[in-house]
Amino acid sequence: MWLSLNPDPNPPEFATWVRQLATLVSAEIPLLQALELSQSHTFSQPMSQLVQQLLEGVRAGKALSQALADLPRALDASFIASVRCAEYSGDLATSLQRAATQVERSLTLNTAIRSALMYPMAVLVIAAAA
């Protein structure tokens, strides 16, 4: 979902934020208020800055998908497209829940792949050193 560039929020933190926003919107809290609440519960500076930029975009009258697309970070295009479709269909809560699940699955898959590659890499390093 994210390129590994500092000072971007780390992927687990982003996944948690998406899940939190999905829960707030599902509880029928207005989007602007949900963004404000989610910002007050972020712990890192990069994530807080990301939510602040989204807040500024939404306050300026942009749709959430447009505010996400305007971020200077490398957000996955499918995530933005999912939010855009949800805005058109009027079912943002369900779409955010699905997007949160997808972000979490992607994170789990990336972690599993990295773990699976550690042993072969260690064998190659040891073989090269021998």
# chains A, B, ... in the order shown; residues from 1 in each chain; ligands from 1

call {"tool": "residues_around", "arguments": {"residues": "Gln20 in chain A", "least_positions_apart": "2", "cutoff": "10 Å", "atoms": "only C-alpha atoms", "output": "VMD selection string"}}
result
chain A and resid 14 to 18 22 to 26 34 to 35 37 to 38 41 96 to 97 100

call {"tool": "write_last_selection", "arguments": {"atoms": "N, CA and C atoms", "output": "CSV table (one decimal), in the first residue's frame"}}
result
chain,number,residue,atom,x,y,z
A,14,PHE,N,-1.1,2.6,9.2
A,14,PHE,CA,-2.1,3.0,8.2
A,14,PHE,C,-3.3,2.0,8.2
A,15,ALA,N,-3.0,0.7,8.3
A,15,ALA,CA,-4.1,-0.3,8.4
A,15,ALA,C,-5.0,-0.1,9.6
A,16,THR,N,-4.4,0.3,10.7
A,16,THR,CA,-5.2,0.5,11.9
A,16,THR,C,-6.1,1.8,11.8
A,17,TRP,N,-5.5,2.8,11.1
A,17,TRP,CA,-6.3,4.0,10.9
A,17,TRP,C,-7.4,3.8,10.0
A,18,VAL,N,-7.2,3.0,8.9
A,18,VAL,CA,-8.3,2.8,8.0
A,18,VAL,C,-9.4,2.0,8.7
A,22,ALA,N,-13.2,3.4,9.3
A,22,ALA,CA,-14.3,2.6,8.8
A,22,ALA,C,-15.3,2.3,9.9
A,23,THR,N,-14.8,2.1,11.1
A,23,THR,CA,-15.7,1.9,12.3
A,23,THR,C,-16.5,3.2,12.6
A,24,LEU,N,-15.8,4.3,12.6
A,24,LEU,CA,-16.5,5.6,12.9
A,24,LEU,C,-17.5,5.9,11.8
A,25,VAL,N,-17.2,5.7,10.6
A,25,VAL,CA,-18.2,6.0,9.5
A,25,VAL,C,-19.4,5.0,9.6
A,26,SER,N,-19.1,3.7,10.0
A,26,SER,CA,-20.1,2.7,10.1
A,26,SER,C,-21.1,3.1,11.3
A,34,ALA,N,-15.5,12.2,11.9
A,34,ALA,CA,-14.7,10.9,12.0
A,34,ALA,C,-13.2,11.1,11.8
A,35,LEU,N,-12.9,12.0,10.8
A,35,LEU,CA,-11.5,12.3,10.5
A,35,LEU,C,-10.9,13.0,11.7
A,37,LEU,N,-11.8,12.8,14.9
A,37,LEU,CA,-11.6,11.8,16.0
A,37,LEU,C,-10.5,10.9,15.7
A,38,SER,N,-10.3,10.5,14.4
A,38,SER,CA,-9.2,9.6,14.1
A,38,SER,C,-7.9,10.3,14.3
A,41,HIS,N,-6.6,10.3,17.8
A,41,HIS,CA,-6.2,9.1,18.3
A,41,HIS,C,-5.0,8.5,17.6
A,96,LEU,N,-15.3,1.2,3.2
A,96,LEU,CA,-14.1,1.4,4.1
A,96,LEU,C,-13.8,0.2,4.9
A,97,GLN,N,-14.9,-0.5,5.3
A,97,GLN,CA,-14.7,-1.8,6.0
A,97,GLN,C,-13.9,-2.8,5.1
A,100,ALA,N,-10.4,-1.6,4.6
A,100,ALA,CA,-9.6,-1.9,5.8
A,100,ALA,C,-9.2,-3.4,5.8

call {"tool": "atom_distance", "arguments": {"atom1": "CA of Val103 in chain A", "atom2": "CA of Leu32 in chain A"}}
result
21.9 Å

call {"tool": "closest_residue", "arguments": {"among": "A:Ala93, A:Thr42, A:Ala122, A:Leu54", "to": "Ile29 in chain A", "atoms": "only C-alpha atoms"}}
result
A:Ala93

call {"tool": "closest_residue", "arguments": {"among": "A:Ala81, A:Ser89, A:Ser106, A:Glu13", "to": "Pro46 in chain A", "atoms": "only C-alpha atoms"}}
result
A:Glu13

call {"tool": "atom_distance", "arguments": {"atom1": "CA of Gln53 in chain A", "atom2": "CA of Ile80 in chain A"}}
result
15.2 Å

call {"tool": "closest_residue", "arguments": {"among": "A:Met47, A:Leu117, A:Ala130, A:Val125", "to": "Pro11 in chain A", "atoms": "only C-alpha atoms"}}
result
A:Met47

call {"tool": "select_by_dssp", "arguments": {"residues": "range 4-117 of chain A", "states": "helix (DSSP H, G or I)", "output": "JSON, numbers by chain"}}
result
{"A": [11, 12, 13, 14, 15, 16, 17, 18, 19, 20, 21, 22, 23, 24, 25, 26, 31, 32, 33, 34, 35, 36, 37, 38, 39, 40, 45, 46, 47, 48, 49, 50, 51, 52, 53, 54, 55, 56, 57, 58, 59, 64, 65, 66, 67, 68, 69, 77, 78, 79, 80, 81, 82, 83, 84, 85, 86, 87, 88, 89, 92, 93, 94, 95, 96, 97, 98, 99, 100, 101, 102, 103, 104, 105, 106, 107, 108, 109, 110, 111, 112, 113, 114, 115, 116, 117]}

call {"tool": "atom_distance", "arguments": {"atom1": "CA of Gln49 in chain A", "atom2": "CA of Leu75 in chain A"}}
result
14.6 Å

call {"tool": "residues_around", "arguments": {"residues": "range 60-70 of chain A", "least_positions_apart": "6", "cutoff": "10 Å", "atoms": "only C-alpha atoms", "output": "list in words"}}
result
Leu31, Leu32, Leu50, Val51, Gln53, Leu54, Asp76, Ala77, Phe79, Ile80, Ala81, Ser82, Val83, Arg84, Cys85, Ala86, Glu87 and Leu92 of chain A

call {"tool": "write_last_selection", "arguments": {"atoms": "N, CA and C atoms", "output": "short mmCIF file (atom, residue, chain, number, x, y, z; two decimals), in the first residue's frame"}}
result
data_model
loop_
_atom_site.label_atom_id
_atom_site.label_comp_id
_atom_site.auth_asym_id
_atom_site.auth_seq_id
_atom_site.Cartn_x
_atom_site.Cartn_y
_atom_site.Cartn_z
N LEU A 31 -18.32 12.29 8.22
CA LEU A 31 -16.94 12.08 7.78
C LEU A 31 -15.97 13.06 8.40
N LEU A 32 -16.31 14.33 8.38
CA LEU A 32 -15.41 15.34 8.94
C LEU A 32 -15.14 15.08 10.41
N LEU A 50 -0.76 13.15 7.95
CA LEU A 50 -1.55 12.62 6.85
C LEU A 50 -3.04 12.92 7.09
N VAL A 51 -3.52 12.65 8.29
CA VAL A 51 -4.93 12.89 8.59
C VAL A 51 -5.23 14.39 8.56
N GLN A 53 -3.84 16.59 6.59
CA GLN A 53 -3.96 16.95 5.18
C GLN A 53 -5.30 16.51 4.61
N LEU A 54 -5.76 15.33 5.02
CA LEU A 54 -7.09 14.88 4.59
C LEU A 54 -8.17 15.80 5.12
N ASP A 76 -1.94 3.44 -2.63
CA ASP A 76 -2.35 2.49 -3.65
C ASP A 76 -3.56 3.03 -4.42
N ALA A 77 -3.49 2.97 -5.73
CA ALA A 77 -4.57 3.50 -6.57
C ALA A 77 -5.87 2.74 -6.37
N PHE A 79 -7.00 1.53 -3.60
CA PHE A 79 -7.62 2.02 -2.38
C PHE A 79 -8.40 3.31 -2.67
N ILE A 80 -7.78 4.21 -3.41
CA ILE A 80 -8.43 5.48 -3.76
C ILE A 80 -9.65 5.22 -4.64
N ALA A 81 -9.50 4.30 -5.61
CA ALA A 81 -10.63 3.97 -6.49
C ALA A 81 -11.78 3.35 -5.71
N SER A 82 -11.47 2.55 -4.72
CA SER A 82 -12.50 1.94 -3.88
C SER A 82 -13.28 3.00 -3.12
N VAL A 83 -12.57 3.98 -2.58
CA VAL A 83 -13.22 5.07 -1.86
C VAL A 83 -14.06 5.90 -2.83
N ARG A 84 -13.54 6.15 -4.02
CA ARG A 84 -14.28 6.94 -5.02
C ARG A 84 -15.59 6.23 -5.41
N CYS A 85 -15.52 4.94 -5.64
CA CYS A 85 -16.74 4.18 -5.98
C CYS A 85 -17.74 4.21 -4.83
N ALA A 86 -17.25 4.13 -3.61
CA ALA A 86 -18.14 4.16 -2.44
C ALA A 86 -18.83 5.50 -2.32
N GLU A 87 -18.13 6.57 -2.67
CA GLU A 87 -18.74 7.90 -2.62
C GLU A 87 -19.87 8.00 -3.64
N LEU A 92 -20.19 4.44 1.79
CA LEU A 92 -18.80 4.63 2.22
C LEU A 92 -18.43 3.72 3.37
#

call {"tool": "closest_residue", "arguments": {"among": "A:Leu21, A:Leu55, A:Leu71, A:Val123", "to": "Ser95 in chain A", "atoms": "only C-alpha atoms"}}
result
A:Leu21

call {"tool": "closest_residue", "arguments": {"among": "A:Glu36, A:Arg73, A:Ala27, A:Ala128", "to": "Arg59 in chain A", "atoms": "only C-alpha atoms"}}
result
A:Glu36

call {"tool": "decode", "arguments": {"residues": "range 6-68 of chain A", "atoms": "C-alpha atoms", "output": "short mmCIF file (atom, residue, chain, number, x, y, z; two decimals), in the first residue's frame"}}
result
data_model
loop_
_atom_site.label_atom_id
_atom_site.label_comp_id
_atom_site.auth_asym_id
_atom_site.auth_seq_id
_atom_site.Cartn_x
_atom_site.Cartn_y
_atom_site.Cartn_z
CA ASN A 6 10.30 8.24 5.59
CA PRO A 7 8.55 10.08 7.21
CA ASP A 8 5.45 8.25 5.94
CA PRO A 9 3.28 6.37 8.39
CA ASN A 10 4.20 2.72 8.56
CA PRO A 11 1.82 0.20 6.94
CA PRO A 12 0.49 -1.33 10.20
CA GLU A 13 -0.34 2.13 11.46
CA PHE A 14 -2.13 2.99 8.22
CA ALA A 15 -4.10 -0.28 8.38
CA THR A 16 -5.19 0.52 11.94
CA TRP A 17 -6.25 4.02 10.90
CA VAL A 18 -8.32 2.76 7.97
CA ARG A 19 -10.07 0.25 10.26
CA GLN A 20 -10.71 3.01 12.82
CA LEU A 21 -12.13 5.37 10.18
CA ALA A 22 -14.32 2.56 8.81
CA THR A 23 -15.71 1.89 12.28
CA LEU A 24 -16.47 5.56 12.88
CA VAL A 25 -18.21 5.98 9.53
CA SER A 26 -20.15 2.74 10.11
CA ALA A 27 -21.39 4.25 13.38
CA GLU A 28 -22.90 7.04 11.23
CA ILE A 29 -20.50 9.69 12.49
CA PRO A 30 -20.13 12.41 9.81
CA LEU A 31 -16.94 12.08 7.78
CA LEU A 32 -15.41 15.34 8.94
CA GLN A 33 -16.01 14.49 12.59
CA ALA A 34 -14.72 10.92 12.01
CA LEU A 35 -11.50 12.31 10.54
CA GLU A 36 -11.10 14.69 13.48
CA LEU A 37 -11.64 11.84 15.95
CA SER A 38 -9.22 9.57 14.13
CA GLN A 39 -6.60 12.31 14.12
CA SER A 40 -6.92 12.78 17.87
CA HIS A 41 -6.18 9.05 18.32
CA THR A 42 -3.10 8.82 16.11
CA PHE A 43 0.16 8.37 17.95
CA SER A 44 2.82 9.18 15.39
CA GLN A 45 3.61 12.49 13.78
CA PRO A 46 3.54 11.19 10.17
CA MET A 47 0.08 9.66 10.58
CA SER A 48 -1.22 12.78 12.29
CA GLN A 49 0.10 14.90 9.41
CA LEU A 50 -1.55 12.62 6.85
CA VAL A 51 -4.93 12.89 8.59
CA GLN A 52 -4.48 16.66 8.95
CA GLN A 53 -3.96 16.95 5.18
CA LEU A 54 -7.09 14.88 4.59
CA LEU A 55 -9.03 17.09 6.99
CA GLU A 56 -7.89 20.23 5.17
CA GLY A 57 -8.94 18.75 1.83
CA VAL A 58 -12.37 17.67 3.06
CA ARG A 59 -12.92 21.01 4.80
CA ALA A 60 -12.07 22.72 1.50
CA GLY A 61 -14.95 20.84 -0.11
CA LYS A 62 -13.08 17.98 -1.74
CA ALA A 63 -14.40 14.45 -1.71
CA LEU A 64 -12.46 12.02 0.48
CA SER A 65 -11.16 10.20 -2.59
CA GLN A 66 -9.85 13.46 -4.07
CA ALA A 67 -8.23 14.41 -0.76
CA LEU A 68 -6.57 10.97 -0.67
#
